[in-house]
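*Asks:* File entry12.txt below, compact mmCIF, C-alpha atoms:
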```
# COMPACT_ATOMS: atom_id res chain seq x y z
CA MET A 983 4.68 -27.56 -20.89
CA ASP A 984 2.68 -24.86 -22.68
CA LEU A 985 2.31 -21.51 -20.97
CA ASP A 986 -1.06 -19.72 -20.86
CA LYS A 987 -1.87 -18.40 -24.34
CA ARG A 988 -2.35 -14.88 -22.92
CA ILE A 989 1.38 -14.54 -22.16
CA LYS A 990 2.80 -12.19 -24.84
CA ASN A 991 5.82 -12.54 -27.11
CA ASN A 992 7.27 -15.76 -25.71
CA HIS A 993 7.86 -14.19 -22.29
CA ARG A 994 8.30 -16.56 -19.40
CA PRO A 995 7.78 -16.25 -15.65
CA LEU A 996 10.72 -14.73 -13.80
CA CYS A 997 12.60 -16.86 -11.28
CA VAL A 998 15.56 -16.57 -8.90
CA ILE A 999 18.05 -16.11 -11.76
CA ASP A 1000 16.11 -13.02 -12.89
CA ILE A 1001 16.29 -11.08 -9.61
CA LYS A 1002 18.10 -8.03 -11.03
CA TRP A 1003 15.72 -7.83 -14.00
CA ALA A 1004 12.68 -8.31 -11.73
CA MET A 1005 13.65 -5.26 -9.63
CA GLY A 1006 12.30 -3.08 -12.44
CA PHE A 1007 8.80 -4.49 -11.85
CA ILE A 1008 8.54 -3.56 -8.16
CA GLY A 1009 5.26 -1.68 -7.63
CA LYS A 1010 3.64 -3.32 -10.67
CA ASN A 1011 0.88 -5.90 -10.84
CA GLY A 1012 1.48 -9.44 -11.95
CA PHE A 1013 0.94 -13.13 -11.30
CA PHE A 1014 2.72 -15.22 -8.68
CA ALA A 1015 3.15 -18.97 -8.13
CA ASP A 1016 5.45 -21.48 -6.48
CA ALA A 1017 5.24 -24.04 -9.31
CA ILE A 1018 6.08 -23.24 -12.94
CA ASN A 1019 3.22 -25.40 -14.23
CA CYS A 1020 0.74 -22.95 -12.65
CA PHE A 1021 1.53 -20.62 -15.55
CA GLU A 1022 -0.20 -23.03 -17.93
CA ASN A 1023 -3.40 -21.37 -16.67
CA LEU A 1024 -3.02 -17.90 -15.13
CA SER A 1025 -6.36 -18.19 -13.36
CA VAL A 1026 -4.75 -20.52 -10.80
CA CYS A 1027 -1.96 -18.03 -10.03
CA GLN A 1028 -2.10 -15.44 -7.27
CA SER A 1029 -2.44 -11.96 -8.72
CA GLY A 1030 -1.24 -8.88 -6.93
CA LEU A 1031 1.36 -6.16 -6.61
CA LEU A 1032 5.08 -6.99 -6.53
CA ILE A 1033 6.23 -5.40 -3.27
CA SER A 1034 9.85 -6.48 -3.20
CA VAL A 1035 12.39 -8.87 -4.66
CA LYS A 1036 14.60 -10.57 -2.08
CA ASP A 1037 17.84 -12.41 -2.69
CA LYS A 1038 16.35 -15.62 -1.32
CA LYS A 1039 17.06 -18.88 -3.05
CA LEU A 1040 13.54 -20.27 -3.06
CA HIS A 1041 10.93 -17.48 -2.74
CA PRO A 1042 12.33 -14.12 -3.96
CA PHE A 1043 9.08 -12.41 -5.02
CA GLU A 1044 6.96 -10.72 -2.34
CA CYS A 1045 3.31 -10.08 -3.19
CA ASP A 1046 1.13 -7.48 -1.49
CA ASN A 1047 -0.62 -10.37 0.30
CA GLN A 1048 2.62 -10.69 2.36
CA TRP A 1049 3.49 -14.10 0.83
CA HIS A 1050 6.75 -14.85 -0.98
CA TYR A 1051 6.69 -16.81 -4.25
CA THR A 1052 9.14 -18.64 -6.49
CA PHE A 1053 7.87 -17.23 -9.80
CA PHE A 1054 6.46 -13.92 -11.01
CA ILE A 1055 5.28 -12.61 -14.38
CA PRO A 1056 4.36 -8.93 -14.78
CA GLU A 1057 0.84 -8.08 -15.91
CA GLU A 1058 2.20 -5.98 -18.79
CA TRP A 1059 3.41 -9.24 -20.37
CA ILE A 1060 -0.15 -10.61 -20.36
CA GLU A 1061 -2.85 -10.03 -22.98
CA PRO A 1062 -6.11 -8.87 -21.36
CA GLU A 1063 -8.57 -11.68 -20.83
CA GLU A 1064 -11.24 -11.81 -23.50
CA LYS A 1065 -14.68 -10.84 -22.35
CA LYS A 1066 -16.81 -13.95 -22.43
CA TYR A 1067 -20.42 -13.67 -23.44
CA ARG A 1068 -23.33 -16.06 -23.55
CA PRO A 1069 -26.85 -15.67 -24.91
CA TYR A 1070 -29.31 -13.74 -22.76
CA SER A 1071 -31.76 -15.78 -20.75
CA LEU A 1072 -35.34 -14.62 -21.25
CA THR A 1073 -35.38 -13.17 -17.72
CA GLU A 1074 -32.15 -11.22 -18.34
CA TRP A 1075 -33.53 -9.84 -21.62
CA ILE A 1076 -36.83 -8.79 -20.03
CA ASN A 1077 -35.00 -7.16 -17.09
CA GLN A 1078 -32.93 -5.02 -19.48
CA HIS A 1079 -35.50 -4.20 -22.19
CA GLU A 1080 -39.08 -3.00 -22.13
CA ILE A 1081 -41.66 -3.52 -24.81
CA GLY A 1082 -41.40 -0.51 -27.10
CA ASP A 1083 -37.61 -0.12 -26.77
CA VAL A 1084 -35.84 0.35 -30.09
CA ILE A 1085 -33.07 -2.23 -30.40
CA HIS A 1086 -30.10 -1.39 -32.63
CA TYR A 1087 -28.41 -4.56 -33.89
CA ARG A 1088 -26.49 -5.86 -36.89
CA SER A 1089 -25.45 -9.14 -38.45
CA LYS A 1090 -21.95 -10.34 -37.56
CA SER A 1091 -21.08 -10.14 -41.25
CA GLY A 1092 -21.99 -6.45 -41.19
CA GLU A 1093 -24.33 -6.82 -44.17
CA ILE A 1094 -27.47 -5.97 -42.22
CA GLU A 1095 -27.96 -3.25 -39.60
CA LEU A 1096 -31.38 -2.80 -38.05
CA ARG A 1097 -33.23 -0.62 -35.57
CA GLN A 1098 -36.41 -2.38 -34.60
CA MET A 1099 -38.90 -2.10 -31.80
CA TYR A 1100 -38.97 -4.85 -29.20
CA ALA A 1101 -42.58 -6.02 -29.39
CA GLY A 1102 -42.58 -8.82 -26.82
CA THR A 1103 -42.10 -12.56 -26.69
CA ARG A 1104 -43.59 -15.43 -28.59
CA HIS A 1105 -43.95 -18.91 -27.17
CA SER A 1106 -44.61 -22.00 -29.28
CA GLN A 1107 -44.78 -25.69 -28.46
CA GLY A 1108 -41.83 -27.67 -29.81
CA ILE A 1109 -41.57 -31.45 -29.87
CA LYS A 1110 -39.93 -31.67 -26.44
CA ASN A 1111 -40.26 -28.19 -24.96
CA ILE A 1112 -41.62 -24.69 -25.37
CA ILE A 1113 -39.65 -22.49 -27.77
CA VAL A 1114 -39.37 -18.87 -26.67
CA LYS A 1115 -38.57 -16.12 -29.17
CA ILE A 1116 -38.35 -12.37 -28.84
CA THR A 1117 -40.05 -10.23 -31.44
CA LEU A 1118 -38.08 -7.39 -32.99
CA GLY A 1119 -40.12 -5.49 -35.55
CA ASN A 1120 -42.20 -8.13 -37.31
CA GLU A 1121 -39.73 -11.02 -36.89
CA SER A 1122 -39.24 -13.40 -33.98
CA HIS A 1123 -35.96 -15.09 -33.12
CA THR A 1124 -34.61 -17.22 -30.29
CA LEU A 1125 -32.02 -15.56 -28.10
CA ASP A 1126 -29.55 -18.30 -29.09
CA TYR A 1127 -30.04 -17.47 -32.79
CA LEU A 1128 -29.51 -13.76 -32.17
CA PHE A 1129 -26.36 -14.51 -30.14
CA GLU A 1130 -24.88 -16.68 -32.89
CA ASN A 1131 -25.67 -14.31 -35.76
CA TYR A 1132 -25.96 -10.73 -34.48
CA GLU A 1133 -24.32 -8.03 -32.38
CA ILE A 1134 -26.21 -5.47 -30.32
CA GLU A 1135 -25.30 -1.82 -29.80
CA VAL A 1136 -25.11 -0.88 -26.12
CA ASN A 1137 -24.07 2.64 -25.07
CA GLY A 1138 -22.49 3.32 -28.46
CA GLU A 1139 -20.46 0.09 -28.59
CA TRP A 1140 -21.08 -3.18 -30.40
CA HIS A 1141 -21.22 -6.34 -28.29
CA PRO A 1142 -22.26 -9.94 -28.85
CA PHE A 1143 -26.04 -10.28 -28.62
CA GLY A 1144 -25.80 -11.61 -25.07
CA ILE A 1145 -24.50 -10.94 -21.62
CA LYS A 1146 -21.04 -11.07 -20.02
CA GLU A 1147 -20.51 -14.16 -17.93
```
I need this file expressed as structure tokens, please.
*Replies:*
Amino acid sequence: MDLDKRIKNNHRPLCVIDIKWAMGFIGKNGFFADAINCFENLSVCQSGLLISVKDKKLHPFECDNQWHYTFFIPEEWIEPEEKKYRPYSLTEWINQHEIGDVIHYRSKSGEIELRQMYAGTRHSQGIKNIIVKITLGNESHTLDYLFENYEIEVNGEWHPFGIKE
């Protein structure tokens, strides 16, 4: 069994043999489950606050949802989940940017950094469908192309040229 890749430094979920050690995590957030294989994917585990650790044989870890669980892993042993992005849809782009806005973006390689005015959209007929591009300065690109090759500056921070899922 492989544990979730976000679990740091070869830590493992705590169980009944770790009761004394687990006492130090009371009042801290973490992930709970009754089956060890749930820790292969933390998204299937219950998350919450460790309220108490009881000397029970089967379910020693009490979560703030009032349930008792067999296993617990503290949140401080978990790497933060990566922010997942996807390309903007045309509607999302239009809702966030107006024609005339200056867009600050750069290539992922860092070789090119641009500030160009958003001038609108361009639609052309492809073989099977209409291809939609946004025009920045005097160049037009698909949103997929920009997502794959560029980052956009938003509120002073660089992000993928897309939107959080």
*Asks:* What residues have an atom no more than 12 Å from (-5.2, -13.1, -22.9) in the file's own frame, counting only C-alpha atoms, and can you write them as a list in words?
*Replies:*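 Counting only C-alpha atoms, I find these residues within 12 Å of (-5.2, -13.1, -22.9): Leu985, Asp986, Lys987, Arg988, Ile989, Lys990, Asn991, Asn1023, Leu1024, Ser1025, Glu1057, Glu1058, Trp1059, Ile1060, Glu1061, Pro1062, Glu1063, Glu1064, Lys1065 and Lys1066 of chain A.
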*Asks:* Restricted to C-alpha atoms, what would the selected residues look like written as an mmCIF file, in the coordinates of the input?
*Replies:*
```
data_model
loop_
_atom_site.group_PDB
_atom_site.id
_atom_site.type_symbol
_atom_site.label_atom_id
_atom_site.label_comp_id
_atom_site.auth_asym_id
_atom_site.auth_seq_id
_atom_site.Cartn_x
_atom_site.Cartn_y
_atom_site.Cartn_z
ATOM 1 C CA LEU A 985 2.310 -21.510 -20.970
ATOM 2 C CA ASP A 986 -1.060 -19.720 -20.860
ATOM 3 C CA LYS A 987 -1.870 -18.400 -24.340
ATOM 4 C CA ARG A 988 -2.350 -14.880 -22.920
ATOM 5 C CA ILE A 989 1.380 -14.540 -22.160
ATOM 6 C CA LYS A 990 2.800 -12.190 -24.840
ATOM 7 C CA ASN A 991 5.820 -12.540 -27.110
ATOM 8 C CA ASN A 1023 -3.400 -21.370 -16.670
ATOM 9 C CA LEU A 1024 -3.020 -17.900 -15.130
ATOM 10 C CA SER A 1025 -6.360 -18.190 -13.360
ATOM 11 C CA GLU A 1057 0.840 -8.080 -15.910
ATOM 12 C CA GLU A 1058 2.200 -5.980 -18.790
ATOM 13 C CA TRP A 1059 3.410 -9.240 -20.370
ATOM 14 C CA ILE A 1060 -0.150 -10.610 -20.360
ATOM 15 C CA GLU A 1061 -2.850 -10.030 -22.980
ATOM 16 C CA PRO A 1062 -6.110 -8.870 -21.360
ATOM 17 C CA GLU A 1063 -8.570 -11.680 -20.830
ATOM 18 C CA GLU A 1064 -11.240 -11.810 -23.500
ATOM 19 C CA LYS A 1065 -14.680 -10.840 -22.350
ATOM 20 C CA LYS A 1066 -16.810 -13.950 -22.430
#
```
*Asks:* Extract, using all atoms listed in the file, all DNA, RNA and protein residues at most 12 Å from range 1035-1047 of chain A, discarding same-chain residues fewer than 2 positions from it, and format them as a PDB file with C-alpha atoms, keeping the file's coordinate frame.
*Replies:*
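Output file around11.pdb is given in full below:
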```
ATOM      1  CA  PRO A 995       7.780 -16.250 -15.650  1.00  0.00           C
ATOM      2  CA  LEU A 996      10.720 -14.730 -13.800  1.00  0.00           C
ATOM      3  CA  CYS A 997      12.600 -16.860 -11.280  1.00  0.00           C
ATOM      4  CA  VAL A 998      15.560 -16.570  -8.900  1.00  0.00           C
ATOM      5  CA  ILE A 999      18.050 -16.110 -11.760  1.00  0.00           C
ATOM      6  CA  ASP A1000      16.110 -13.020 -12.890  1.00  0.00           C
ATOM      7  CA  ILE A1001      16.290 -11.080  -9.610  1.00  0.00           C
ATOM      8  CA  LYS A1002      18.100  -8.030 -11.030  1.00  0.00           C
ATOM      9  CA  TRP A1003      15.720  -7.830 -14.000  1.00  0.00           C
ATOM     10  CA  ALA A1004      12.680  -8.310 -11.730  1.00  0.00           C
ATOM     11  CA  MET A1005      13.650  -5.260  -9.630  1.00  0.00           C
ATOM     12  CA  GLY A1006      12.300  -3.080 -12.440  1.00  0.00           C
ATOM     13  CA  PHE A1007       8.800  -4.490 -11.850  1.00  0.00           C
ATOM     14  CA  ILE A1008       8.540  -3.560  -8.160  1.00  0.00           C
ATOM     15  CA  GLY A1009       5.260  -1.680  -7.630  1.00  0.00           C
ATOM     16  CA  LYS A1010       3.640  -3.320 -10.670  1.00  0.00           C
ATOM     17  CA  ASN A1011       0.880  -5.900 -10.840  1.00  0.00           C
ATOM     18  CA  GLY A1012       1.480  -9.440 -11.950  1.00  0.00           C
ATOM     19  CA  PHE A1013       0.940 -13.130 -11.300  1.00  0.00           C
ATOM     20  CA  PHE A1014       2.720 -15.220  -8.680  1.00  0.00           C
ATOM     21  CA  ALA A1015       3.150 -18.970  -8.130  1.00  0.00           C
ATOM     22  CA  ASP A1016       5.450 -21.480  -6.480  1.00  0.00           C
ATOM     23  CA  ALA A1017       5.240 -24.040  -9.310  1.00  0.00           C
ATOM     24  CA  CYS A1027      -1.960 -18.030 -10.030  1.00  0.00           C
ATOM     25  CA  GLN A1028      -2.100 -15.440  -7.270  1.00  0.00           C
ATOM     26  CA  SER A1029      -2.440 -11.960  -8.720  1.00  0.00           C
ATOM     27  CA  GLY A1030      -1.240  -8.880  -6.930  1.00  0.00           C
ATOM     28  CA  LEU A1031       1.360  -6.160  -6.610  1.00  0.00           C
ATOM     29  CA  LEU A1032       5.080  -6.990  -6.530  1.00  0.00           C
ATOM     30  CA  ILE A1033       6.230  -5.400  -3.270  1.00  0.00           C
ATOM     31  CA  TRP A1049       3.490 -14.100   0.830  1.00  0.00           C
ATOM     32  CA  HIS A1050       6.750 -14.850  -0.980  1.00  0.00           C
ATOM     33  CA  TYR A1051       6.690 -16.810  -4.250  1.00  0.00           C
ATOM     34  CA  THR A1052       9.140 -18.640  -6.490  1.00  0.00           C
ATOM     35  CA  PHE A1053       7.870 -17.230  -9.800  1.00  0.00           C
ATOM     36  CA  PHE A1054       6.460 -13.920 -11.010  1.00  0.00           C
ATOM     37  CA  ILE A1055       5.280 -12.610 -14.380  1.00  0.00           C
ATOM     38  CA  PRO A1056       4.360  -8.930 -14.780  1.00  0.00           C
TER      39      PRO A1056
END
```
*Asks:* State, in Å with one decimal place, the distance from CA of Ser1091 in chain A to CA of Ile1134 in chain A.
*Replies:*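 Distance between the two atoms: 12.9 Å.
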*Asks:* Applying 10 Å and only C-alpha atoms, which residues near range 1119-1132 of chain A remain after dropping the ones on its own chain fewer than 3 positions away? List them as number ranges by chain.
*Replies:* A: 1067-1072, 1075, 1082, 1084-1085, 1087-1092, 1094-1105, 1113-1116, 1140-1145
*Asks:* Quick check, in Å to one decimal: how far apart do CA of Phe1021 in chain A and CA of Arg994 in chain A lie?
*Replies:*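 Interatomic distance, CA of Phe1021 in chain A to CA of Arg994 in chain A: 8.8 Å.
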*Asks:* Quick check, in Å to one decimal: how far apart do CA of Val1136 in chain A and CA of Ser1106 in chain A lie?
*Replies:*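 So the answer is 28.9 Å.
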